[in-house]
There are 2 protein chains.
Amino acid sequence: MGLTKTEIFSDKQNALAKMAKALAHPARIAILEHMLEQKACICGDLVTEIGLAQATISQHLRELKDVGLIKGNIEGNRMCYCIDEAKWSLTKKELVDLFNQLKSCC
Amino acid sequence: MGLTKTEIFSDKQNALAKMAKALAHPARIAILEHMLEQKACICGDLVTEIGLAQATISQHLRELKDVGLIKGNIEGNRMCYCIDEAKWSLTKKELVDLFNQLKSCC
DNA sequence: GTTCTTTATCGTAATATTGCGATATAACAA
DNA sequence: TTGTTATATCGCAATATTACGATAAAGAAC
């Protein structure tokens with residue numbers, strides 16, 4: 001137990017849950033907001049802005065990168081992360097599609 | 001450790017992360033989709049449709065109820081769950097607001 | 001009343017997440 | 001070269017999540 005039974009769900013359901021999981025931590029929301037406001041794309045700047053340890057921020061960045069929401073560019077000895085616009089838009093669409101299905105119920 | 005440092009984030013960031021967490025499991029996506037399609041609002045029906053144990057579905061329903069995305073009405077000895085339209089719309093707006101902040105970056 | 005049905009909750013095992021210090025790696029600075 | 005800076009990754013401890021069997025509670029059916 002303790003393991004999600006992904007095989008009984010559709011690919012779409014699993015994919016959407018995975019994207020939601022990437023958003024399911026305030027540090028990752030904060031990281032994305034910083035990138036959206038273009039205050040900070042550099043790992044070190046995010047460490048200063050957010051106030052978690054460098055190892056922790058790096059780990060959160062990796063989770064966002066793993067699901068494709070952000071991408072990283074090497075700039076000398078630093079990393080500049082930014083939103084992946086294609087994946088961002090696609091995710092927005094998938095979420096809006098879910099939320100737009102609302103009809104009145106019981 | 002192992003505990004999210006909610007105190008260093010804004011209420012808004014914590015709230016959005018919490019809603020995302022509620023969506024961060026394929027079973028809960030499936031439950032919401034069933035309710036949206038009005039195929040099943042009854043716990044027992046969801047157990048049959050989805051194929052997880054009754055205790056597990058009940059637990060997922062509770063998580064959705066705890067964040068306010070769904071509400072439950074007692075119908076005799078059964079429970080009819082449905083989307084809470086106000087909370088649903090508000091959550092949609094908060095997510096869309098986040099996703100609409102996209103500007104081009106580095 | 002008794003029994004059946006339905007759902008919630010408890011307890012528990014397996015697994016995942018969060019956070020950070022320590023360390024490794026790679027580019028820059030001198 | 002040596003030292004500095006920036007980031008990634010390892011390893012670990014604390015906590016959370018997932019899943020389910022067993023049981024409790026409450027209404028329905030008899």
# chains A, B, ... in the order shown; residues from 1 in each chain; ligands from 1
$ residues_around --residues "Glu94 of chain A" --least-positions-apart "5" --cutoff "12 Å" --atoms "only C-alpha atoms (C1' of nucleotides)" --output "PyMOL selection string"
(chain A and resi 12-13+15-17+19-20+87-89+99-101) or (chain B and resi 29+92+95-96+99)
$ residues_around --residues "DT15 of chain C" --least-positions-apart "6" --cutoff "10 Å" --atoms "only C-alpha atoms (C1' of nucleotides)" --output "PyMOL selection string"
(chain A and resi 1-4) or (chain D and resi 17-18)
$ interface_residues --of "chain C" --to "chain B" --cutoff "6 Å" --atoms "only C-alpha atoms (C1' of nucleotides)" --output "list in words"
DT6, DT18 and DG19 of chain C
$ interface_residues --of "chain B" --to "chain A" --cutoff "10 Å" --atoms "only C-alpha atoms" --output "PyMOL selection string"
chain B and resi 4-6+8-30+32-33+35-38+41+50-52+72-73+80-85+88-89+91-93+95-96+98-106
$ select_by_dssp --residues "chain A" --states "strand (DSSP E)" --output "list in words"
Ile70, Lys71, Gly72, Asn73, Ile74, Glu75, Arg78, Met79, Cys80, Tyr81, Cys82 and Ile83 of chain A
$ write_last_selection --atoms "N, CA and C atoms" --output "PDB file, in the first residue's frame"
ATOM      1  N   ILE A  70       8.707  24.390 -16.179  1.00  0.00           N
ATOM      2  CA  ILE A  70       9.798  25.347 -16.353  1.00  0.00           C
ATOM      3  C   ILE A  70      10.942  24.676 -17.103  1.00  0.00           C
ATOM      4  N   LYS A  71      11.807  25.502 -17.660  1.00  0.00           N
ATOM      5  CA  LYS A  71      13.006  24.969 -18.301  1.00  0.00           C
ATOM      6  C   LYS A  71      14.194  25.793 -17.847  1.00  0.00           C
ATOM      7  N   GLY A  72      15.382  25.204 -17.892  1.00  0.00           N
ATOM      8  CA  GLY A  72      16.572  25.873 -17.378  1.00  0.00           C
ATOM      9  C   GLY A  72      17.594  26.127 -18.463  1.00  0.00           C
ATOM     10  N   ASN A  73      18.162  27.340 -18.439  1.00  0.00           N
ATOM     11  CA  ASN A  73      19.242  27.687 -19.352  1.00  0.00           C
ATOM     12  C   ASN A  73      20.511  27.953 -18.550  1.00  0.00           C
ATOM     13  N   ILE A  74      21.605  27.360 -18.999  1.00  0.00           N
ATOM     14  CA  ILE A  74      22.882  27.586 -18.331  1.00  0.00           C
ATOM     15  C   ILE A  74      23.402  28.965 -18.733  1.00  0.00           C
ATOM     16  N   GLU A  75      23.765  29.751 -17.730  1.00  0.00           N
ATOM     17  CA  GLU A  75      24.333  31.084 -17.962  1.00  0.00           C
ATOM     18  C   GLU A  75      25.624  31.154 -17.173  1.00  0.00           C
ATOM     19  N   ARG A  78      25.780  29.875 -13.579  1.00  0.00           N
ATOM     20  CA  ARG A  78      24.460  29.984 -12.963  1.00  0.00           C
ATOM     21  C   ARG A  78      23.402  29.331 -13.854  1.00  0.00           C
ATOM     22  N   MET A  79      22.229  29.150 -13.289  1.00  0.00           N
ATOM     23  CA  MET A  79      21.109  28.590 -14.056  1.00  0.00           C
ATOM     24  C   MET A  79      19.978  29.604 -14.077  1.00  0.00           C
ATOM     25  N   CYS A  80      19.506  29.885 -15.295  1.00  0.00           N
ATOM     26  CA  CYS A  80      18.343  30.758 -15.415  1.00  0.00           C
ATOM     27  C   CYS A  80      17.139  29.893 -15.761  1.00  0.00           C
ATOM     28  N   TYR A  81      16.195  29.853 -14.843  1.00  0.00           N
ATOM     29  CA  TYR A  81      14.980  29.067 -15.076  1.00  0.00           C
ATOM     30  C   TYR A  81      13.870  29.979 -15.562  1.00  0.00           C
ATOM     31  N   CYS A  82      13.044  29.498 -16.448  1.00  0.00           N
ATOM     32  CA  CYS A  82      11.851  30.258 -16.796  1.00  0.00           C
ATOM     33  C   CYS A  82      10.706  29.334 -17.186  1.00  0.00           C
ATOM     34  N   ILE A  83       9.522  29.898 -17.170  1.00  0.00           N
ATOM     35  CA  ILE A  83       8.314  29.159 -17.525  1.00  0.00           C
ATOM     36  C   ILE A  83       8.444  28.607 -18.940  1.00  0.00           C
TER      37      ILE A  83
END
$ select_by_dssp --residues "chain B" --states "alpha helix (DSSP H)" --output "MDAnalysis selection string"
chainID B and resid 11:23 26:36 43:50 54:66 85:99
$ interface_residues --of "chain D" --to "chain A" --cutoff "9 Å" --atoms "only C-alpha atoms (C1' of nucleotides)" --output "list in words"
DT5, DA6, DT7, DA8, DT9, DT17, DT18, DA19 and DC20 of chain D
$ write_last_selection --atoms "N, CA, C and O atoms (P, O5', C5', C4', C3', O3' and C1' of nucleotides)" --output "PDB file, in the first residue's frame"
ATOM      1  P    DT D   5      32.958  34.102  -2.793  1.00  0.00           P
ATOM      2  O5'  DT D   5      32.036  33.593  -3.981  1.00  0.00           O
ATOM      3  C5'  DT D   5      32.172  34.149  -5.295  1.00  0.00           C
ATOM      4  C4'  DT D   5      31.229  33.420  -6.237  1.00  0.00           C
ATOM      5  C3'  DT D   5      29.837  33.171  -5.665  1.00  0.00           C
ATOM      6  O3'  DT D   5      28.878  33.595  -6.619  1.00  0.00           O
ATOM      7  C1'  DT D   5      30.748  31.153  -6.488  1.00  0.00           C
ATOM      8  P    DA D   6      27.319  33.516  -6.331  1.00  0.00           P
ATOM      9  O5'  DA D   6      26.937  32.176  -7.101  1.00  0.00           O
ATOM     10  C5'  DA D   6      27.042  32.113  -8.518  1.00  0.00           C
ATOM     11  C4'  DA D   6      26.447  30.800  -8.986  1.00  0.00           C
ATOM     12  C3'  DA D   6      25.101  30.470  -8.345  1.00  0.00           C
ATOM     13  O3'  DA D   6      24.168  30.160  -9.372  1.00  0.00           O
ATOM     14  C1'  DA D   6      26.626  28.674  -8.046  1.00  0.00           C
ATOM     15  P    DT D   7      22.673  29.838  -9.000  1.00  0.00           P
ATOM     16  O5'  DT D   7      22.671  28.249  -9.074  1.00  0.00           O
ATOM     17  C5'  DT D   7      23.044  27.622 -10.299  1.00  0.00           C
ATOM     18  C4'  DT D   7      23.217  26.138 -10.087  1.00  0.00           C
ATOM     19  C3'  DT D   7      21.986  25.407  -9.560  1.00  0.00           C
ATOM     20  O3'  DT D   7      21.558  24.529 -10.577  1.00  0.00           O
ATOM     21  C1'  DT D   7      23.972  24.681  -8.486  1.00  0.00           C
ATOM     22  P    DA D   8      20.325  23.548 -10.386  1.00  0.00           P
ATOM     23  O5'  DA D   8      21.047  22.165 -10.027  1.00  0.00           O
ATOM     24  C5'  DA D   8      22.074  21.679 -10.882  1.00  0.00           C
ATOM     25  C4'  DA D   8      22.550  20.302 -10.423  1.00  0.00           C
ATOM     26  C3'  DA D   8      21.430  19.325 -10.058  1.00  0.00           C
ATOM     27  O3'  DA D   8      21.770  18.069 -10.613  1.00  0.00           O
ATOM     28  C1'  DA D   8      22.889  19.649  -8.183  1.00  0.00           C
ATOM     29  P    DT D   9      20.772  16.849 -10.522  1.00  0.00           P
ATOM     30  O5'  DT D   9      21.353  16.033  -9.283  1.00  0.00           O
ATOM     31  C5'  DT D   9      22.702  15.624  -9.293  1.00  0.00           C
ATOM     32  C4'  DT D   9      23.076  15.045  -7.945  1.00  0.00           C
ATOM     33  C3'  DT D   9      22.051  14.049  -7.382  1.00  0.00           C
ATOM     34  O3'  DT D   9      22.754  12.872  -7.047  1.00  0.00           O
ATOM     35  C1'  DT D   9      22.704  15.597  -5.748  1.00  0.00           C
ATOM     36  P    DT D  17      -0.888  15.119   3.734  1.00  0.00           P
ATOM     37  O5'  DT D  17      -0.740  13.814   2.833  1.00  0.00           O
ATOM     38  C5'  DT D  17       0.186  13.811   1.757  1.00  0.00           C
ATOM     39  C4'  DT D  17       0.128  12.467   1.051  1.00  0.00           C
ATOM     40  C3'  DT D  17      -1.279  11.990   0.681  1.00  0.00           C
ATOM     41  O3'  DT D  17      -1.233  11.646  -0.699  1.00  0.00           O
ATOM     42  C1'  DT D  17      -0.091  10.283   1.825  1.00  0.00           C
ATOM     43  P    DT D  18      -2.572  11.267  -1.514  1.00  0.00           P
ATOM     44  O5'  DT D  18      -2.555   9.675  -1.466  1.00  0.00           O
ATOM     45  C5'  DT D  18      -1.461   8.969  -2.023  1.00  0.00           C
ATOM     46  C4'  DT D  18      -1.641   7.484  -1.813  1.00  0.00           C
ATOM     47  C3'  DT D  18      -3.059   6.962  -2.054  1.00  0.00           C
ATOM     48  O3'  DT D  18      -2.997   5.942  -3.042  1.00  0.00           O
ATOM     49  C1'  DT D  18      -2.189   6.149  -0.002  1.00  0.00           C
ATOM     50  P    DA D  19      -4.349   5.374  -3.729  1.00  0.00           P
ATOM     51  O5'  DA D  19      -4.648   4.103  -2.829  1.00  0.00           O
ATOM     52  C5'  DA D  19      -3.728   3.006  -2.837  1.00  0.00           C
ATOM     53  C4'  DA D  19      -4.092   2.039  -1.731  1.00  0.00           C
ATOM     54  C3'  DA D  19      -5.570   1.652  -1.689  1.00  0.00           C
ATOM     55  O3'  DA D  19      -5.720   0.325  -2.160  1.00  0.00           O
ATOM     56  C1'  DA D  19      -4.654   2.054   0.487  1.00  0.00           C
ATOM     57  P    DC D  20      -7.139  -0.343  -2.307  1.00  0.00           P
ATOM     58  O5'  DC D  20      -7.287  -1.054  -0.896  1.00  0.00           O
ATOM     59  C5'  DC D  20      -6.288  -1.974  -0.468  1.00  0.00           C
ATOM     60  C4'  DC D  20      -6.587  -2.397   0.953  1.00  0.00           C
ATOM     61  C3'  DC D  20      -8.055  -2.794   1.164  1.00  0.00           C
ATOM     62  O3'  DC D  20      -8.094  -4.022   1.844  1.00  0.00           O
ATOM     63  C1'  DC D  20      -7.365  -1.270   2.801  1.00  0.00           C
TER      64       DC D  20
END
$ residues_around --residues "DT23 of chain D" --least-positions-apart "2" --cutoff "10 Å" --atoms "only C-alpha atoms (C1' of nucleotides)" --output "list in words"
DT9 and DC10 of chain C; DG21 and DA25 of chain D
$ atom_distance --atom1 "atom C1' of DT25 of chain C" --atom2 "atom C1' of DC10 of chain D"
13.1 Å
$ atom_distance --atom1 "atom C1' of DT5 of chain C" --atom2 "atom CA of Asp66 of chain B"
25.8 Å
